[in-house]
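Undergrad: Quick one: the structure is below, and I'll ask about it shortly.
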Amino acid sequence: MAERRPGPVIPKEAASLRTMTATMAVMCYLACLAIGALILIDRAVDNWARGLSQEVTVQVREIEARDIDADVSAVISLLKQTPGVTGAEDIGRKAAEKLLEPWLGSEGLDALPVPRIIRVGVDPVKPPDFETLAADLTALSPGVSLDTHRRWEDELTRMAGTLTALSVLILLLISGSAVAMVIFATRAVLDANRQTVDVLHLVGAEDAYIARAINRRFLATGLWAGGLGVLLALLSFFILGNAGLPQADGLASATRSLFYLPGARVWVVPVALLAVPIVATLLALVTSRITLLRMLRTLP
């Protein structure tokens, strides 16, 4: 006779399994959000680094007995002759005043010696010698200074590293919580169905047979909870990307671009999100099986 497959030892409507499904779905949802945050942070850092590597800024301050317009023209002429510089543009006094408005307001800026800002494009492959360029600009006029934005780049990189570490820590905490939850759910399932397990023992069923029968419920629970968590995360990303809230415009823009990774990296988001239900199922299966076998060995 053909070997009979393990029957439904644990009913689908078991309270402990329903609670585990809901809790694990929430954990999978939070894991997807953390993964999305990791990807967004990585993209932001990449865009920041690319932008900072392609542009520097020259500031021309007003000096007594000097014509600032002449200094700006001389600086632009020097920059355009410098190897590695792809372009130089004076953004104008009005644009410089706009940069100061958030801190100083719009009143009285006309009377202030607002410095002139020159946006300088550089070749990221063969950038200019910034130390030599800074010395040449200072020799041209004492009111000229070069800002390579490297300080801001270092600060942004450190901040991104901190956020990445926090996201990874959140994922680890979620995984640890899921393992603990599966252990408690397994104990609750076994205790609630103790009579059924005793009957199976009486008819000669081995511990591995009983564990396989119960693991089927945990397999279904892990797949269902993981899939539900991914769907909720996708729905959240969609809502954030299309909410149109002015106060969340930056977040909405970043969320909309989450699934538009350039080049070959387009597969990163789908693979990362699809890995969540797989990992959740494996955690449920492995943890429940180890817990079940240990508990079954202690039963009389």
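Following the order of the structure tokens, first chain is A, next is B, and so on, with residues numbered from 1 inside each chain and ligands from 1 in the order they appear.
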Which polymer residues have any atom within 12 Å of an atom of Asp46 (chain A), counting only C-alpha atoms, with same-chain residues fewer than 5 positions away left out, as a PyMOL selection string?

TA: chain A and resi 39-41+51-53+153+156-157+160+261-262

Undergrad: Kindly assemble as a tab-separated table a list of the region 169-193 of chain A residues that lie within 12 Å of region 286-290 of chain A, each paired with its nearest atom pair and their distance in Å to one decimal, using only C-alpha atoms, sorted first by chain and then by ascending residue number.

TA:
```
residue	atom	partner	partner_atom	distance
A:Ser175	CA	A:Thr287	CA	11.4
A:Gly176	CA	A:Thr287	CA	11.0
A:Ser177	CA	A:Thr287	CA	11.9
A:Ala178	CA	A:Thr287	CA	9.4
A:Val179	CA	A:Thr287	CA	6.4
A:Ala180	CA	A:Thr287	CA	8.7
A:Met181	CA	A:Thr287	CA	9.6
A:Val182	CA	A:Ser288	CA	6.2
A:Ile183	CA	A:Ser288	CA	6.2
A:Phe184	CA	A:Ser288	CA	9.2
A:Ala185	CA	A:Ser288	CA	8.4
A:Thr186	CA	A:Ser288	CA	5.8
A:Arg187	CA	A:Ser288	CA	8.8
A:Ala188	CA	A:Ser288	CA	11.2
A:Val189	CA	A:Ser288	CA	10.2
A:Leu190	CA	A:Ser288	CA	10.5
```

Undergrad: Considering only C-alpha atoms, can you say which of A:Ile278, A:Gly143, A:Thr21, A:Thr148 comes closest to Phe218 (chain A)?

TA: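 The answer is A:Thr21, which sits nearest to Phe218 (chain A).
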
Undergrad: Using the chain letters and numbers from this document, which residues of region 108-217 of chain A does DSSP assign to helix (DSSP H, G or I), as a PyMOL selection string?

TA: chain A and resi 109-111+130-140+150-192+194-202+207-217

Undergrad: Could you write those residues out with C-alpha atoms, as a short mmCIF file (atom, residue, chain, number, x, y, z; two decimals), in the first residue's frame?

TA:
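Result saved to part-v1.cif:
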```
data_model
loop_
_atom_site.label_atom_id
_atom_site.label_comp_id
_atom_site.auth_asym_id
_atom_site.auth_seq_id
_atom_site.Cartn_x
_atom_site.Cartn_y
_atom_site.Cartn_z
CA LEU A 109 19.32 92.01 1.77
CA ASP A 110 19.96 94.75 -0.79
CA ALA A 111 22.10 96.60 1.75
CA PHE A 130 41.81 71.62 -6.28
CA GLU A 131 44.73 72.69 -4.10
CA THR A 132 46.44 74.44 -7.01
CA LEU A 133 43.13 75.92 -8.16
CA ALA A 134 42.39 77.28 -4.68
CA ALA A 135 45.84 78.87 -4.51
CA ASP A 136 45.40 80.47 -7.95
CA LEU A 137 41.98 81.86 -7.00
CA THR A 138 43.29 83.31 -3.74
CA ALA A 139 46.20 84.93 -5.59
CA LEU A 140 43.71 86.43 -8.03
CA ARG A 150 33.90 67.45 0.48
CA ARG A 151 32.94 68.31 4.06
CA TRP A 152 29.25 67.99 3.20
CA GLU A 153 29.88 64.78 1.33
CA ASP A 154 31.63 63.27 4.38
CA GLU A 155 28.78 64.32 6.68
CA LEU A 156 26.12 62.92 4.33
CA THR A 157 28.05 59.67 3.99
CA ARG A 158 28.32 59.32 7.77
CA MET A 159 24.63 60.04 8.19
CA ALA A 160 23.74 57.51 5.49
CA GLY A 161 25.98 54.94 7.16
CA THR A 162 24.18 55.50 10.47
CA LEU A 163 20.75 55.14 8.84
CA THR A 164 21.87 51.99 7.03
CA ALA A 165 23.13 50.47 10.28
CA LEU A 166 19.80 51.29 11.95
CA SER A 167 17.86 49.68 9.10
CA VAL A 168 19.98 46.53 9.32
CA LEU A 169 19.51 46.47 13.09
CA ILE A 170 15.75 46.75 12.61
CA LEU A 171 15.83 43.78 10.23
CA LEU A 172 17.81 41.74 12.75
CA LEU A 173 15.39 42.65 15.54
CA ILE A 174 12.43 41.70 13.35
CA SER A 175 14.05 38.35 12.54
CA GLY A 176 14.78 37.68 16.21
CA SER A 177 11.23 38.61 17.18
CA ALA A 178 9.86 36.32 14.48
CA VAL A 179 11.92 33.41 15.79
CA ALA A 180 10.70 34.00 19.35
CA MET A 181 7.12 34.31 18.14
CA VAL A 182 7.30 31.02 16.21
CA ILE A 183 8.71 29.27 19.28
CA PHE A 184 5.84 30.47 21.46
CA ALA A 185 3.28 29.66 18.76
CA THR A 186 4.73 26.16 18.37
CA ARG A 187 4.50 25.53 22.11
CA ALA A 188 0.94 26.84 22.16
CA VAL A 189 -0.07 24.63 19.21
CA LEU A 190 1.45 21.53 20.77
CA ASP A 191 -0.11 22.21 24.17
CA ALA A 192 -3.53 22.89 22.63
CA ARG A 194 -1.76 17.50 23.27
CA GLN A 195 -4.52 14.88 23.14
CA THR A 196 -4.14 14.48 19.38
CA VAL A 197 -0.39 14.07 19.75
CA ASP A 198 -0.90 11.47 22.50
CA VAL A 199 -3.25 9.48 20.27
CA LEU A 200 -0.72 9.56 17.43
CA HIS A 201 1.94 8.29 19.82
CA LEU A 202 -0.35 5.47 20.94
CA ASP A 207 8.09 12.25 16.36
CA ALA A 208 9.32 13.09 12.84
CA TYR A 209 5.89 12.13 11.40
CA ILE A 210 4.06 14.38 13.88
CA ALA A 211 6.53 17.23 13.29
CA ARG A 212 5.99 17.01 9.52
CA ALA A 213 2.24 17.11 9.96
CA ILE A 214 2.39 20.19 12.17
CA ASN A 215 5.05 21.86 10.01
CA ARG A 216 2.62 21.93 7.10
CA ARG A 217 0.52 24.44 8.98
#
```

Undergrad: Could you tell me, as a count of residues only, which residues of region 78-141 of chain A DSSP assigns to strand (DSSP E) when given the backbone?

TA: 13

Undergrad: Region 118-124 of chain A: which residues within 8 Å, counting only C-alpha atoms, same-chain residues fewer than 4 positions away excluded, as a PyMOL selection string?

TA: chain A and resi 53-60+76+79+84-91+128

Undergrad: I'd like to know which of A:Glu101, A:Ala284, A:Pro127, A:Leu293 is closest to Leu223 (chain A), using only C-alpha atoms.

TA: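 Distance minimum relative to Leu223 (chain A) lands on A:Ala284.
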
Undergrad: Leaving out Leu100 (chain A) and any residue of its chain fewer than 6 positions from it, which residues lie within 12 Å of it when counting only C-alpha atoms, given as a VMD selection string?

TA: chain A and resid 93 to 94 106 to 110 112 to 117

Undergrad: Neighbouring residues of Pro277 (chain A) were defined as those with any atom within 8 Å, considering only C-alpha atoms; residues of the same chain fewer than 4 positions away were excluded. Please report them as a ChimeraX atom specification.

TA: /A:28,222-223,225-227,229-230,273,281

Undergrad: Kindly save the residues from that selection, with all heavy atoms included, as an mmCIF file, in the first residue's frame.

TA:
```
data_model
loop_
_atom_site.group_PDB
_atom_site.id
_atom_site.type_symbol
_atom_site.label_atom_id
_atom_site.label_comp_id
_atom_site.auth_asym_id
_atom_site.auth_seq_id
_atom_site.Cartn_x
_atom_site.Cartn_y
_atom_site.Cartn_z
ATOM 1 N N CYS A 28 6.661 41.083 8.545
ATOM 2 C CA CYS A 28 7.095 41.087 7.143
ATOM 3 C C CYS A 28 6.874 42.461 6.515
ATOM 4 O O CYS A 28 7.693 42.925 5.709
ATOM 5 C CB CYS A 28 6.351 40.017 6.357
ATOM 6 S SG CYS A 28 6.800 38.326 6.794
ATOM 7 N N GLY A 222 3.599 30.748 7.136
ATOM 8 C CA GLY A 222 4.722 31.590 6.724
ATOM 9 C C GLY A 222 4.515 32.185 5.341
ATOM 10 O O GLY A 222 4.771 33.383 5.122
ATOM 11 N N LEU A 223 4.044 31.369 4.400
ATOM 12 C CA LEU A 223 3.818 31.870 3.032
ATOM 13 C C LEU A 223 2.714 32.920 3.018
ATOM 14 O O LEU A 223 2.843 33.967 2.373
ATOM 15 C CB LEU A 223 3.465 30.707 2.114
ATOM 16 C CG LEU A 223 4.611 29.762 1.737
ATOM 17 C CD1 LEU A 223 4.088 28.589 0.931
ATOM 18 C CD2 LEU A 223 5.690 30.500 0.951
ATOM 19 N N ALA A 225 1.537 34.808 5.547
ATOM 20 C CA ALA A 225 1.932 36.023 6.263
ATOM 21 C C ALA A 225 2.962 36.822 5.471
ATOM 22 O O ALA A 225 2.876 38.052 5.395
ATOM 23 C CB ALA A 225 2.483 35.657 7.639
ATOM 24 N N GLY A 226 3.948 36.138 4.869
ATOM 25 C CA GLY A 226 4.955 36.841 4.084
ATOM 26 C C GLY A 226 4.360 37.534 2.875
ATOM 27 O O GLY A 226 4.677 38.685 2.578
ATOM 28 N N GLY A 227 3.490 36.828 2.156
ATOM 29 C CA GLY A 227 2.850 37.438 0.996
ATOM 30 C C GLY A 227 1.988 38.628 1.371
ATOM 31 O O GLY A 227 1.987 39.665 0.690
ATOM 32 N N GLY A 229 2.389 40.573 3.993
ATOM 33 C CA GLY A 229 3.271 41.671 4.370
ATOM 34 C C GLY A 229 3.837 42.398 3.161
ATOM 35 O O GLY A 229 3.917 43.636 3.144
ATOM 36 N N VAL A 230 4.222 41.648 2.121
ATOM 37 C CA VAL A 230 4.749 42.270 0.895
ATOM 38 C C VAL A 230 3.674 43.103 0.204
ATOM 39 O O VAL A 230 3.935 44.222 -0.258
ATOM 40 C CB VAL A 230 5.302 41.191 -0.053
ATOM 41 C CG1 VAL A 230 5.658 41.800 -1.404
ATOM 42 C CG2 VAL A 230 6.532 40.530 0.543
ATOM 43 N N LEU A 273 12.173 42.293 -2.088
ATOM 44 C CA LEU A 273 10.850 42.146 -1.487
ATOM 45 C C LEU A 273 10.348 40.706 -1.559
ATOM 46 O O LEU A 273 9.716 40.220 -0.615
ATOM 47 C CB LEU A 273 9.855 43.082 -2.183
ATOM 48 C CG LEU A 273 10.113 44.580 -2.013
ATOM 49 C CD1 LEU A 273 9.017 45.385 -2.683
ATOM 50 C CD2 LEU A 273 10.208 44.952 -0.540
ATOM 51 N N THR A 281 9.063 32.150 5.664
ATOM 52 C CA THR A 281 8.654 30.744 5.638
ATOM 53 C C THR A 281 9.756 29.844 6.178
ATOM 54 O O THR A 281 9.499 28.914 6.960
ATOM 55 C CB THR A 281 8.289 30.330 4.211
ATOM 56 O OG1 THR A 281 7.263 31.202 3.710
ATOM 57 C CG2 THR A 281 7.778 28.894 4.171
#
```

Undergrad: When distances are computed from only C-alpha atoms, which of A:Met24, A:Val203, A:Leu234, A:Ala34 shows the smallest separation from Leu283 (chain A)?

TA: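 Selected residue with least distance to Leu283 (chain A): A:Met24.
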
Undergrad: Considering only C-alpha atoms, can you say which of A:Val125, A:Leu292, A:Trp103, A:Ser141 comes closest to Ala70 (chain A)?

TA: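 Between A:Val125, A:Leu292, A:Trp103, A:Ser141, the residue approaching Ala70 (chain A) most closely is A:Ser141.
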